[in-house]
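Shown next: query.csv, containing CSV, C-alpha atoms.
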```
chain,number,residue,atom,x,y,z
A,1,MET,CA,189.0,191.5,88.0
A,2,VAL,CA,191.3,188.5,88.6
A,3,ASN,CA,191.2,185.8,86.0
A,4,ILE,CA,188.9,183.0,87.3
A,5,ILE,CA,191.0,180.2,85.7
A,6,LEU,CA,194.1,181.5,87.6
A,7,LEU,CA,192.1,181.3,90.9
A,8,TYR,CA,191.1,177.7,90.2
A,9,LEU,CA,194.8,176.8,89.3
A,10,ILE,CA,196.1,178.4,92.5
A,11,SER,CA,193.7,176.5,94.7
A,12,LEU,CA,194.4,173.3,92.8
A,13,ILE,CA,198.2,173.6,93.1
A,14,THR,CA,198.0,174.7,96.8
A,15,SER,CA,195.8,171.7,97.6
A,16,ILE,CA,198.2,169.3,95.9
A,17,VAL,CA,201.3,170.8,97.6
A,18,VAL,CA,199.7,170.9,101.1
A,19,ALA,CA,198.4,167.3,100.6
A,20,LEU,CA,202.0,166.2,99.7
A,21,LEU,CA,203.3,167.9,102.8
A,22,LEU,CA,200.7,166.1,104.9
A,23,LYS,CA,201.8,162.8,103.4
A,24,VAL,CA,198.5,162.0,101.7
A,25,PRO,CA,199.2,159.0,99.3
A,26,ILE,CA,199.1,159.8,95.5
A,27,LEU,CA,196.8,156.8,94.9
A,28,PRO,CA,194.9,154.6,97.4
A,29,LYS,CA,196.9,151.6,98.5
A,30,LYS,CA,193.9,149.2,98.7
A,31,LYS,CA,192.8,147.6,95.5
A,32,PRO,CA,190.4,147.8,93.7
A,33,ILE,CA,190.4,151.6,93.9
A,34,ARG,CA,186.7,151.9,93.2
A,35,PHE,CA,185.8,150.4,96.6
A,36,SER,CA,188.6,152.1,98.6
A,37,PHE,CA,187.7,154.7,101.2
A,38,GLU,CA,191.3,155.9,101.4
A,39,THR,CA,191.6,159.6,100.3
A,40,SER,CA,194.4,160.4,97.9
A,41,ILE,CA,196.0,163.3,96.0
A,42,VAL,CA,194.2,162.3,92.8
A,43,PHE,CA,190.8,161.8,94.4
A,44,PRO,CA,189.2,163.7,96.1
A,45,THR,CA,191.7,166.5,97.1
A,46,PRO,CA,191.5,168.6,93.8
A,47,ILE,CA,187.7,168.3,93.7
A,48,LEU,CA,187.3,169.5,97.3
A,49,ALA,CA,189.7,172.4,96.7
A,50,LEU,CA,187.8,173.5,93.6
A,51,GLY,CA,184.4,173.2,95.4
A,52,ILE,CA,185.6,175.2,98.4
A,53,GLU,CA,187.1,177.8,96.1
A,54,ALA,CA,183.8,178.1,94.2
A,55,ILE,CA,181.9,178.6,97.5
A,56,LEU,CA,184.4,181.2,98.9
A,57,ARG,CA,184.4,183.1,95.6
A,58,ASN,CA,180.6,183.2,95.5
A,59,LEU,CA,180.5,184.5,99.1
A,60,PHE,CA,183.4,187.0,99.2
A,61,GLY,CA,184.5,187.8,95.7
A,62,ASN,CA,187.5,187.1,93.4
A,63,TYR,CA,190.6,187.3,95.7
A,64,ILE,CA,193.9,185.4,95.3
A,65,TYR,CA,194.3,184.8,99.1
A,66,LEU,CA,190.9,183.0,99.1
A,67,ALA,CA,192.1,180.6,96.5
A,68,PHE,CA,195.1,179.8,98.8
A,69,ILE,CA,192.8,179.2,101.8
A,70,ALA,CA,190.5,177.0,99.6
A,71,GLY,CA,193.5,174.8,98.6
A,72,LEU,CA,194.6,174.6,102.2
A,73,PHE,CA,191.1,173.6,103.5
A,74,GLY,CA,190.7,171.1,100.6
A,75,ALA,CA,193.9,169.3,101.5
A,76,LEU,CA,193.0,169.3,105.3
A,77,LEU,CA,189.5,168.0,104.6
A,78,SER,CA,190.9,165.3,102.4
A,79,LYS,CA,193.6,164.3,105.0
A,80,TYR,CA,191.2,164.2,108.0
A,81,ALA,CA,188.1,162.8,106.1
A,82,ASP,CA,188.2,159.6,108.1
A,83,LYS,CA,188.3,161.4,111.4
A,84,LEU,CA,185.4,163.7,110.4
A,85,PHE,CA,183.1,161.1,108.8
A,86,GLY,CA,184.2,158.0,110.7
A,87,GLU,CA,186.4,155.2,109.5
A,88,VAL,CA,184.7,152.4,107.4
B,1,MET,CA,158.7,176.5,69.4
B,2,GLU,CA,157.2,174.0,71.9
B,3,ILE,CA,158.3,171.0,69.8
B,4,LEU,CA,161.9,172.2,69.8
B,5,ASP,CA,161.7,172.4,73.6
B,6,ILE,CA,160.5,168.8,73.8
B,7,ILE,CA,163.2,167.6,71.5
B,8,LYS,CA,165.9,169.4,73.6
B,9,LEU,CA,164.4,167.8,76.7
B,10,ILE,CA,164.5,164.3,75.3
B,11,ILE,CA,168.1,164.8,74.0
B,12,ALA,CA,169.2,166.1,77.4
B,13,GLY,CA,167.4,163.1,79.1
B,14,ILE,CA,169.3,160.6,76.8
B,15,ILE,CA,172.6,162.3,77.6
B,16,CYS,CA,171.9,162.2,81.3
B,17,TRP,CA,170.8,158.6,81.2
B,18,ILE,CA,174.0,157.5,79.4
B,19,ASN,CA,176.1,159.7,81.8
B,20,PHE,CA,174.8,158.3,85.0
B,21,VAL,CA,174.3,154.6,84.0
B,22,LEU,CA,177.8,154.3,82.5
B,23,ILE,CA,179.6,156.0,85.4
B,24,ASP,CA,177.6,154.1,88.1
B,25,THR,CA,178.2,150.8,86.4
B,26,TYR,CA,182.0,151.6,85.9
B,27,PHE,CA,182.4,152.4,89.6
B,28,GLY,CA,180.9,149.0,90.6
B,29,LEU,CA,177.3,149.8,91.8
B,30,PRO,CA,176.0,146.5,90.4
B,31,GLU,CA,178.8,144.5,91.9
B,32,LYS,CA,177.9,144.6,95.6
B,33,PRO,CA,175.5,146.4,97.8
B,34,GLY,CA,177.2,149.2,99.8
B,35,VAL,CA,174.8,149.0,102.8
B,36,LEU,CA,172.1,146.6,104.1
B,37,GLY,CA,169.3,148.6,102.5
B,38,ALA,CA,170.7,148.2,99.0
B,39,LYS,CA,171.0,144.4,99.6
B,40,THR,CA,167.4,144.2,100.7
B,41,ILE,CA,166.2,146.1,97.6
B,42,GLY,CA,168.4,143.9,95.3
B,43,GLU,CA,166.9,140.7,96.7
B,44,LYS,CA,163.4,142.1,96.6
B,45,ILE,CA,163.8,142.9,92.9
B,46,LYS,CA,165.2,139.4,92.2
B,47,GLU,CA,162.1,138.0,93.9
B,48,ILE,CA,159.7,139.8,91.4
B,49,GLY,CA,161.7,138.3,88.5
B,50,GLY,CA,164.4,141.0,88.0
B,51,ASN,CA,168.2,140.8,87.8
B,52,LEU,CA,170.2,140.7,91.1
B,53,ASN,CA,173.0,142.9,89.9
B,54,GLY,CA,170.5,145.4,88.4
B,55,GLY,CA,168.7,145.3,91.7
B,56,TYR,CA,171.9,146.1,93.6
B,57,PHE,CA,172.5,149.0,91.2
B,58,MET,CA,169.0,150.3,92.0
B,59,GLY,CA,169.4,149.8,95.7
B,60,ASN,CA,172.7,151.6,95.8
B,61,ILE,CA,171.1,154.6,93.9
B,62,VAL,CA,168.4,154.8,96.6
B,63,CYS,CA,170.8,154.4,99.6
B,64,SER,CA,173.5,157.0,98.7
B,65,PRO,CA,174.0,159.9,96.3
B,66,ASP,CA,175.7,158.2,93.3
B,67,ALA,CA,176.1,159.5,89.7
B,68,SER,CA,172.3,159.8,89.4
B,69,ALA,CA,172.1,162.3,92.3
B,70,GLY,CA,175.3,163.9,91.2
B,71,THR,CA,173.9,164.5,87.7
B,72,LEU,CA,170.7,165.9,89.0
B,73,LEU,CA,172.3,168.2,91.6
B,74,ALA,CA,175.0,169.4,89.3
B,75,SER,CA,172.3,170.2,86.6
B,76,ILE,CA,170.4,172.2,89.1
B,77,MET,CA,173.5,174.1,90.4
B,78,ASN,CA,174.6,174.8,86.8
B,79,TYR,CA,171.2,176.2,86.1
B,80,LEU,CA,171.4,178.5,89.2
B,81,MET,CA,175.1,179.5,89.2
B,82,GLY,CA,176.9,178.3,86.1
B,83,VAL,CA,180.1,176.2,86.2
B,84,LYS,CA,181.1,177.1,89.7
B,85,GLY,CA,177.7,175.7,90.8
B,86,GLY,CA,178.7,172.3,89.3
B,87,LEU,CA,182.0,172.3,91.3
B,88,ILE,CA,180.0,173.2,94.5
B,89,ALA,CA,177.6,170.3,93.7
B,90,ALA,CA,180.6,167.9,93.4
B,91,LEU,CA,181.9,168.9,96.8
B,92,LEU,CA,178.5,168.6,98.5
B,93,VAL,CA,177.8,165.2,96.8
B,94,TRP,CA,181.2,163.9,98.1
B,95,ILE,CA,180.3,165.0,101.7
B,96,GLY,CA,176.9,163.3,101.3
B,97,ASN,CA,178.6,160.2,100.0
B,98,ARG,CA,180.9,159.9,102.9
B,99,LEU,CA,178.0,160.4,105.3
B,100,CYS,CA,176.3,157.4,103.6
B,101,ALA,CA,179.3,155.1,103.9
B,102,ASP,CA,180.1,155.3,100.2
B,103,PRO,CA,183.7,156.1,98.9
B,104,GLY,CA,182.2,158.8,96.6
B,105,TYR,CA,183.9,158.2,93.3
B,106,ALA,CA,180.7,157.7,91.2
B,107,GLY,CA,178.8,160.7,92.6
B,108,THR,CA,181.5,163.3,92.3
B,109,ILE,CA,182.7,162.2,88.9
B,110,GLY,CA,179.1,162.1,87.6
B,111,ALA,CA,178.6,165.7,88.8
B,112,LEU,CA,181.9,166.8,87.1
B,113,THR,CA,181.2,165.1,83.8
B,114,ILE,CA,177.7,166.6,83.5
B,115,THR,CA,179.1,170.0,84.4
B,116,LEU,CA,181.6,169.6,81.5
B,117,ILE,CA,178.8,168.4,79.2
B,118,ILE,CA,176.5,171.3,80.1
B,119,TYR,CA,179.4,173.8,79.6
B,120,LEU,CA,180.1,172.4,76.2
B,121,LEU,CA,176.4,172.2,75.1
B,122,HIS,CA,175.0,175.4,76.7
B,123,PRO,CA,174.8,177.4,73.5
B,124,ILE,CA,172.4,174.7,72.1
B,125,ILE,CA,170.8,173.0,75.1
B,126,GLY,CA,170.4,175.1,78.3
B,127,ALA,CA,171.0,173.7,81.8
B,128,LYS,CA,167.2,173.7,82.5
B,129,TYR,CA,166.7,171.0,79.9
B,130,PHE,CA,169.2,168.8,81.8
B,131,VAL,CA,167.3,169.2,85.1
B,132,GLY,CA,164.1,168.0,83.4
B,133,GLY,CA,165.9,165.3,81.3
B,134,MET,CA,167.5,163.8,84.4
B,135,ILE,CA,164.2,163.5,86.1
B,136,LEU,CA,162.9,161.6,83.1
B,137,ALA,CA,166.1,159.5,83.1
B,138,ILE,CA,165.8,158.5,86.8
B,139,PHE,CA,162.1,157.9,86.3
B,140,SER,CA,162.9,155.4,83.5
B,141,ILE,CA,165.1,153.4,86.0
B,142,GLN,CA,163.4,153.8,89.4
B,143,GLY,CA,159.8,154.6,88.7
B,144,PHE,CA,158.5,153.0,85.6
B,145,GLU,CA,159.1,149.2,85.6
B,146,HIS,CA,161.5,147.7,88.1
B,147,LYS,CA,161.7,144.2,86.6
B,148,TYR,CA,162.8,145.2,83.1
B,149,ALA,CA,164.9,148.1,84.2
B,150,SER,CA,166.9,145.8,86.5
B,151,ILE,CA,167.3,143.2,83.6
B,152,LEU,CA,168.6,146.0,81.3
B,153,LEU,CA,171.0,147.3,84.0
B,154,GLY,CA,172.2,143.7,84.6
B,155,LYS,CA,173.0,143.3,80.9
B,156,ILE,CA,174.9,146.6,80.8
B,157,ALA,CA,176.8,145.5,84.0
B,158,LYS,CA,177.7,142.2,82.4
B,159,LYS,CA,179.0,144.0,79.2
B,160,MET,CA,181.2,146.2,81.4
B,161,ASN,CA,182.5,143.2,83.5
B,162,ARG,CA,180.8,144.6,86.6
B,163,GLY,CA,178.4,141.7,87.4
B,164,GLU,CA,177.7,138.0,86.7
```
Written as structure tokens, how would this file's structure read?
Amino acid sequence: MVNIILLYLISLITSIVVALLLKVPILPKKKPIRFSFETSIVFPTPILALGIEAILRNLFGNYIYLAFIAGLFGALLSKYADKLFGEV
Amino acid sequence: MEILDIIKLIIAGIICWINFVLIDTYFGLPEKPGVLGAKTIGEKIKEIGGNLNGGYFMGNIVCSPDASAGTLLASIMNYLMGVKGGLIAALLVWIGNRLCADPGYAGTIGALTITLIIYLLHPIIGAKYFVGGMILAIFSIQGFEHKYASILLGKIAKKMNRGE
């Protein structure tokens, strides 16, 4: 039984590192931030990674490699959100 | 023990109400309508004597999943699956937000805060009370009396510098 908090931390750190490599900005450039559609490392990358980690853990079980995959997919979804949902 | 259940339901409803109204107001729902439907609802509520900013708030709630929907969905998922359900709800609310031309700050943060609140309070008030309480909270805004609800929301928006 792997510690659940460790899995969440792994997915969180993986998502932030991958997002940094993909050159996602740390905060949106457009102000005010509350109306900005630009995705950033603070929002929503960690939330997407944790959500995907929770789904994968519920489906397949507690595995460390699933946490890495969740972090990777979270960062990719955050980076390409505009292409997936259409630019506003 | 039925009286205790009702008290828990009312307390959970008040917590949900404060959670979603404060987060939605902070993220600028009363400031401007996100889509045309929200604008129409806001103007209609002004016509019946309500407040325009409160009307925009109510229109935005109808037109995309904001903190109200985030609170309700996260309560349901917490009831079904525990904390990981709350995280899944936040992810799904963000996807729903982006499909509805909404940046998604209010919905996801509302889902995460209610997950935290339910986690902290679950020895006293279970997640099922938050599901029922959120239905009461959203009924008090969207179902009971539009005019006075919009005036109240407009006043809260003005207090938080999110409306005229």
Residues of chain A at most 12 Å from chain B: nearest atom pair and distance in Å, all atoms listed in the file, as JSON lines:
```
{"residue": "A:Ile4", "atom": "CA", "partner": "B:Lys84", "partner_atom": "CA", "distance": 10.1}
{"residue": "A:Ile5", "atom": "CA", "partner": "B:Lys84", "partner_atom": "CA", "distance": 11.1}
{"residue": "A:Leu7", "atom": "CA", "partner": "B:Lys84", "partner_atom": "CA", "distance": 11.8}
{"residue": "A:Tyr8", "atom": "CA", "partner": "B:Lys84", "partner_atom": "CA", "distance": 10.0}
{"residue": "A:Pro28", "atom": "CA", "partner": "B:Pro103", "partner_atom": "CA", "distance": 11.4}
{"residue": "A:Pro32", "atom": "CA", "partner": "B:Gly28", "partner_atom": "CA", "distance": 10.1}
{"residue": "A:Ile33", "atom": "CA", "partner": "B:Phe27", "partner_atom": "CA", "distance": 9.1}
{"residue": "A:Arg34", "atom": "CA", "partner": "B:Phe27", "partner_atom": "CA", "distance": 5.6}
{"residue": "A:Phe35", "atom": "CA", "partner": "B:Pro103", "partner_atom": "CA", "distance": 6.5}
{"residue": "A:Ser36", "atom": "CA", "partner": "B:Pro103", "partner_atom": "CA", "distance": 6.3}
{"residue": "A:Phe37", "atom": "CA", "partner": "B:Pro103", "partner_atom": "CA", "distance": 4.8}
{"residue": "A:Glu38", "atom": "CA", "partner": "B:Pro103", "partner_atom": "CA", "distance": 8.0}
{"residue": "A:Thr39", "atom": "CA", "partner": "B:Pro103", "partner_atom": "CA", "distance": 8.8}
{"residue": "A:Ser40", "atom": "CA", "partner": "B:Pro103", "partner_atom": "CA", "distance": 11.6}
{"residue": "A:Val42", "atom": "CA", "partner": "B:Tyr105", "partner_atom": "CA", "distance": 11.1}
{"residue": "A:Phe43", "atom": "CA", "partner": "B:Tyr105", "partner_atom": "CA", "distance": 7.9}
{"residue": "A:Pro44", "atom": "CA", "partner": "B:Tyr105", "partner_atom": "CA", "distance": 8.1}
{"residue": "A:Thr45", "atom": "CA", "partner": "B:Leu91", "partner_atom": "CA", "distance": 10.1}
{"residue": "A:Pro46", "atom": "CA", "partner": "B:Leu91", "partner_atom": "CA", "distance": 10.1}
{"residue": "A:Ile47", "atom": "CA", "partner": "B:Leu91", "partner_atom": "CA", "distance": 6.6}
{"residue": "A:Leu48", "atom": "CA", "partner": "B:Leu91", "partner_atom": "CA", "distance": 5.5}
{"residue": "A:Ala49", "atom": "CA", "partner": "B:Leu91", "partner_atom": "CA", "distance": 8.5}
{"residue": "A:Leu50", "atom": "CA", "partner": "B:Leu87", "partner_atom": "CA", "distance": 6.4}
{"residue": "A:Gly51", "atom": "CA", "partner": "B:Ile88", "partner_atom": "CA", "distance": 4.5}
{"residue": "A:Ile52", "atom": "CA", "partner": "B:Ile88", "partner_atom": "CA", "distance": 7.1}
{"residue": "A:Glu53", "atom": "CA", "partner": "B:Ile88", "partner_atom": "CA", "distance": 8.6}
{"residue": "A:Ala54", "atom": "CA", "partner": "B:Lys84", "partner_atom": "CA", "distance": 5.3}
{"residue": "A:Ile55", "atom": "CA", "partner": "B:Ile88", "partner_atom": "CA", "distance": 6.5}
{"residue": "A:Leu56", "atom": "CA", "partner": "B:Ile88", "partner_atom": "CA", "distance": 10.1}
{"residue": "A:Arg57", "atom": "CA", "partner": "B:Lys84", "partner_atom": "CA", "distance": 9.0}
{"residue": "A:Asn58", "atom": "CA", "partner": "B:Lys84", "partner_atom": "CA", "distance": 8.4}
{"residue": "A:Leu59", "atom": "CA", "partner": "B:Lys84", "partner_atom": "CA", "distance": 12.0}
{"residue": "A:Gly74", "atom": "CA", "partner": "B:Leu91", "partner_atom": "CA", "distance": 9.8}
{"residue": "A:Leu77", "atom": "CA", "partner": "B:Ile95", "partner_atom": "CA", "distance": 10.1}
{"residue": "A:Ser78", "atom": "CA", "partner": "B:Ile95", "partner_atom": "CA", "distance": 10.6}
{"residue": "A:Ala81", "atom": "CA", "partner": "B:Arg98", "partner_atom": "CA", "distance": 8.4}
{"residue": "A:Asp82", "atom": "CA", "partner": "B:Arg98", "partner_atom": "CA", "distance": 9.0}
{"residue": "A:Lys83", "atom": "CA", "partner": "B:Arg98", "partner_atom": "CA", "distance": 11.4}
{"residue": "A:Leu84", "atom": "CA", "partner": "B:Arg98", "partner_atom": "CA", "distance": 9.5}
{"residue": "A:Phe85", "atom": "CA", "partner": "B:Leu99", "partner_atom": "CA", "distance": 6.2}
{"residue": "A:Gly86", "atom": "CA", "partner": "B:Leu99", "partner_atom": "CA", "distance": 8.6}
{"residue": "A:Glu87", "atom": "CA", "partner": "B:Ala101", "partner_atom": "CA", "distance": 9.0}
{"residue": "A:Val88", "atom": "CA", "partner": "B:Ala101", "partner_atom": "CA", "distance": 7.0}
```
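Between B:Thr25 and the residues B:Ile135, B:Met58, B:Ile124, B:Leu116, the shortest atom-to-atom distance, using only C-alpha atoms, involves B:Met58.
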Point (166.8, 169.5, 78.6), cut-off 12 Å, counting all atoms listed in the file, residues as a ChimeraX atom specification: /B:4-17,72,75-76,79,118,121-122,124-137
Which residue of B:Met77, B:Ile3, B:Leu52, B:Ala38 approaches B:Gly163 most closely, using all atoms listed in the file: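 Looking only at the distances to B:Gly163, the closest residue turns out to be B:Leu52.
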Top pick for closest residue to B:Cys63, considering B:Ser140, B:Gly42, B:Glu31, B:Ala149 and counting only C-alpha atoms: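 Selected residue with least distance to B:Cys63: B:Gly42.
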Gap from atom CA of A:Lys30 to atom CA of A:Gly71 - Å, one decimal: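 It comes out at 25.6 Å.
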